[in-house]
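Enquirer: First the structure, then my questions, so here it is.
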Amino acid sequence: MAFDGFPPFISAQLHYLINHFPDKIKVEQVLSGGKSYTGGLDRFTLLIPYCLDHIKWDVIYNAEFPLAPPDIIFGREDEDFHPLPMAGGEGEGDLKSRTKNILSDWKNKDPTRLLALILELRDQYMSYQRDRVGEVDDDRLKFEINTICSREGIEMHISSGSEKIIYPVGRKYASTPSAPRLKLMSTSELRALFSIDDVKLPSWLDGMCMAEYLPHLEESLEKQVLEAVSLIDIRRRFIEALAPLFGRPLEADPVFCRKATFLASSGSFVFLAHFLMSTQFPKQQPTLMLQSSQHISPQGFPKKSPFLTEYPWSPRWDVSQMAERIFDFLVEESLNFKRFCNESQPQH
């Protein structure tokens, strides 16, 4: 990622932050401090992963005073978040002291400084949100927090309109505590491995708490992830089985093996055959698309076929039979595609 327009010391700190932050962090709304300053950009917004969502913090340097640390502006909903010790405050804790030390010992030529600052502030933000959740007047919620807060990776957040793990608060006179509404969230990397929407969550039994539920959820997810990983190998073997029939693929997804492209021909007609595999392969057959190497649309793009999914298929076949049946299908379908390309070609 290029950060052209920033002074070198800001650019170096941004590069280090992007490349070394534990999760994917984004930079938005890059601006300059004022019309009178012509030295470059010096402020931006960070989208910081938190609780399977993002929090937005504005980072404001002053390029005219490069020795000064940046100011950080937090979101409107976090106006009570004070990460630095207040004047005359007592017992502020180690986290706030560490943040104060980072700022007081700021070295603008040290590229690691911004990363260290953001990580410390995020740790404090986690503590701040945990305290907010703990202040909610609900015995059930307090019990749940006490039983799971020691688990690694637990993050909490009070917000409106967000659906992750939601507890009905305020029903103190219910004979049986209501089950939380559970929704599984995931990163884009995990969604590329398998479909989160298809995951079946374990049932919540009456009287259960999160400390009892999470091990069942983890065990279920582990099995499903392992199955999804095993399906990668099946997709890889399927792509390899296509090679003796179509030749070496021009390109293929080397990680999740969900797509591959082959150069094919029918007589003098040369075309590309695209194979798109879902995470449900082989239960769901590949989607095929043909692309002509010789015909161009009026808009200047290579002509393509519609997505092709109606062809002989059985998930019980071995991969070599799957490849052979697709090859036989495309022998006929390529003639239809050639006819389509010729008939739709503008006449001169």
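In the structure tokens, chains take letters A, B, ... by order of appearance, with residues numbered from 1 within each chain and ligands from 1 in the order shown.
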I need the residues in stretch 73-294 of chain A that are strand (DSSP E or B) according to DSSP; give them as a PyMOL selection string.
Expert: chain A and resi 73+165-166+181-182+251-252+259-266+269-276+287-294
Enquirer: Within 10 Å of A:His295, counting only C-alpha atoms, which residues show up once you throw out same-chain ones fewer than 5 positions away? Write them as number ranges by chain, please.
Expert: A: 269-271, 300-304, 338, 341-342, 344-345
Enquirer: Could you go through stretch 80-315 of chain A and tell me which residues DSSP, when run on the backbone, assigns to helix (DSSP H, G or I), listing them as number ranges by chain?
Expert: A: 94-104, 113-134, 139-148, 188-193, 196-198, 210-246
Enquirer: Which residues are near A:Pro111? Cut-off 7 Å, only C-alpha atoms, ignore same chain within fewer than 3 positions. Put them as a VMD selection string.
Expert: chain A and resid 12 to 13 16
Enquirer: So that I can see what lies close to stretch 60-69 of chain A, please list as a VMD selection string the residues with an atom at most 12 Å from it, counting only C-alpha atoms and leaving out residues fewer than 4 positions away in the same chain.
Expert: chain A and resid 5 to 11 13 to 14 29 to 34 36 to 46 73 to 74 99 to 110 113 to 114 117
Enquirer: Now that the selection is made, can you save its residues with N, CA and C atoms as a CSV table (one decimal), in the first residue's frame?
Expert:
```csv
chain,number,residue,atom,x,y,z
A,5,GLY,N,2.3,11.4,-0.6
A,5,GLY,CA,1.8,12.6,-0.1
A,5,GLY,C,2.0,12.9,1.4
A,6,PHE,N,2.3,11.8,2.1
A,6,PHE,CA,2.6,12.0,3.5
A,6,PHE,C,4.1,12.3,3.7
A,7,PRO,N,4.4,13.1,4.8
A,7,PRO,CA,5.9,13.2,5.1
A,7,PRO,C,6.5,11.9,5.4
A,8,PRO,N,7.8,11.7,5.1
A,8,PRO,CA,8.4,10.4,5.3
A,8,PRO,C,8.2,9.7,6.6
A,9,PHE,N,8.2,10.5,7.7
A,9,PHE,CA,8.1,9.8,9.0
A,9,PHE,C,6.7,9.3,9.2
A,10,ILE,N,5.6,10.0,8.7
A,10,ILE,CA,4.3,9.5,8.9
A,10,ILE,C,4.1,8.2,8.0
A,11,SER,N,4.6,8.3,6.8
A,11,SER,CA,4.5,7.2,5.8
A,11,SER,C,5.1,5.9,6.4
A,13,GLN,N,5.6,5.2,9.6
A,13,GLN,CA,4.8,4.6,10.7
A,13,GLN,C,3.6,4.0,10.2
A,14,LEU,N,2.9,4.5,9.1
A,14,LEU,CA,1.7,3.9,8.6
A,14,LEU,C,2.1,2.5,8.0
A,29,GLN,N,-10.1,8.4,4.6
A,29,GLN,CA,-10.2,9.8,4.8
A,29,GLN,C,-8.9,10.5,5.0
A,30,VAL,N,-8.0,10.3,4.1
A,30,VAL,CA,-6.7,10.9,4.2
A,30,VAL,C,-6.8,12.4,3.8
A,31,LEU,N,-6.3,13.3,4.7
A,31,LEU,CA,-6.5,14.7,4.5
A,31,LEU,C,-5.2,15.5,4.9
A,32,SER,N,-5.2,16.7,4.5
A,32,SER,CA,-4.1,17.6,4.9
A,32,SER,C,-4.6,18.6,6.0
A,33,GLY,N,-3.7,19.1,6.8
A,33,GLY,CA,-4.1,19.9,7.9
A,33,GLY,C,-4.7,21.3,7.6
A,34,GLY,N,-4.4,21.8,6.5
A,34,GLY,CA,-4.9,23.1,6.1
A,34,GLY,C,-4.3,23.6,4.8
A,36,SER,N,-3.0,26.4,4.1
A,36,SER,CA,-1.7,27.1,4.2
A,36,SER,C,-0.5,26.2,4.2
A,37,TYR,N,-0.7,24.9,4.6
A,37,TYR,CA,0.4,24.0,4.7
A,37,TYR,C,0.5,23.3,3.4
A,38,THR,N,1.7,23.3,2.8
A,38,THR,CA,1.9,22.6,1.5
A,38,THR,C,2.8,21.4,1.6
A,39,GLY,N,3.2,21.0,2.8
A,39,GLY,CA,4.1,20.0,3.0
A,39,GLY,C,3.6,18.6,2.7
A,40,GLY,N,2.2,18.4,2.8
A,40,GLY,CA,1.7,17.1,2.5
A,40,GLY,C,0.5,16.7,3.5
A,41,LEU,N,0.1,15.5,3.4
A,41,LEU,CA,-1.0,14.9,4.2
A,41,LEU,C,-0.5,14.6,5.6
A,42,ASP,N,-1.4,14.8,6.6
A,42,ASP,CA,-1.0,14.5,8.0
A,42,ASP,C,-2.1,14.0,8.9
A,43,ARG,N,-3.2,13.6,8.3
A,43,ARG,CA,-4.3,13.1,9.1
A,43,ARG,C,-5.1,12.1,8.3
A,44,PHE,N,-5.7,11.1,9.1
A,44,PHE,CA,-6.4,10.0,8.4
A,44,PHE,C,-7.3,9.3,9.4
A,45,THR,N,-8.2,8.5,9.0
A,45,THR,CA,-9.0,7.7,9.8
A,45,THR,C,-8.6,6.2,9.8
A,46,LEU,N,-8.5,5.6,10.9
A,46,LEU,CA,-8.2,4.2,11.0
A,46,LEU,C,-9.4,3.4,11.3
A,73,ILE,N,-8.7,11.0,17.9
A,73,ILE,CA,-10.0,11.3,18.2
A,73,ILE,C,-10.9,10.1,18.1
A,74,PHE,N,-11.6,9.8,19.2
A,74,PHE,CA,-12.4,8.6,19.2
A,74,PHE,C,-13.8,8.9,18.7
A,99,THR,N,0.4,4.0,28.0
A,99,THR,CA,0.0,4.9,27.0
A,99,THR,C,0.7,6.3,27.2
A,100,LYS,N,0.7,6.8,28.4
A,100,LYS,CA,1.3,8.1,28.7
A,100,LYS,C,2.8,8.0,28.4
A,101,ASN,N,3.4,6.9,28.7
A,101,ASN,CA,4.9,6.8,28.5
A,101,ASN,C,5.2,6.8,27.0
A,102,ILE,N,4.3,6.1,26.2
A,102,ILE,CA,4.5,6.1,24.8
A,102,ILE,C,4.5,7.5,24.2
A,103,LEU,N,3.5,8.3,24.7
A,103,LEU,CA,3.4,9.6,24.1
A,103,LEU,C,4.5,10.6,24.6
A,104,SER,N,4.9,10.4,25.9
A,104,SER,CA,5.9,11.3,26.5
A,104,SER,C,7.3,11.0,25.9
A,105,ASP,N,7.5,9.7,25.5
A,105,ASP,CA,8.7,9.3,24.9
A,105,ASP,C,8.6,9.1,23.4
A,106,TRP,N,7.8,10.0,22.8
A,106,TRP,CA,7.5,9.8,21.3
A,106,TRP,C,8.8,10.1,20.5
A,107,LYS,N,9.1,9.2,19.6
A,107,LYS,CA,10.2,9.4,18.7
A,107,LYS,C,9.6,9.3,17.3
A,108,ASN,N,9.6,10.4,16.6
A,108,ASN,CA,8.9,10.4,15.3
A,108,ASN,C,9.6,9.6,14.2
A,109,LYS,N,10.9,9.4,14.4
A,109,LYS,CA,11.7,8.7,13.4
A,109,LYS,C,11.6,7.2,13.7
A,110,ASP,N,11.0,6.8,14.7
A,110,ASP,CA,10.8,5.3,15.0
A,110,ASP,C,9.6,4.8,14.4
A,113,ARG,N,6.3,3.4,16.4
A,113,ARG,CA,5.6,4.1,17.5
A,113,ARG,C,4.1,4.1,17.3
A,114,LEU,N,3.6,4.3,16.1
A,114,LEU,CA,2.2,4.4,15.9
A,114,LEU,C,1.5,3.1,16.2
A,117,LEU,N,1.3,2.6,19.9
A,117,LEU,CA,0.2,3.5,20.5
A,117,LEU,C,-1.2,2.9,20.2
```
Enquirer: Measure the distance from atom CA of A:Phe194 to atom CA of A:Lys259 in Å and round it to one decimal.
Expert: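 According to the coordinates, atom CA of A:Phe194 and atom CA of A:Lys259 are separated by 14.5 Å.
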Enquirer: Which value, in Å to one decimal, gives the distance between atom CA of A:Pro306 and atom CA of A:Met289?
Expert: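 Distance reported for this atom pair: 6.4 Å.
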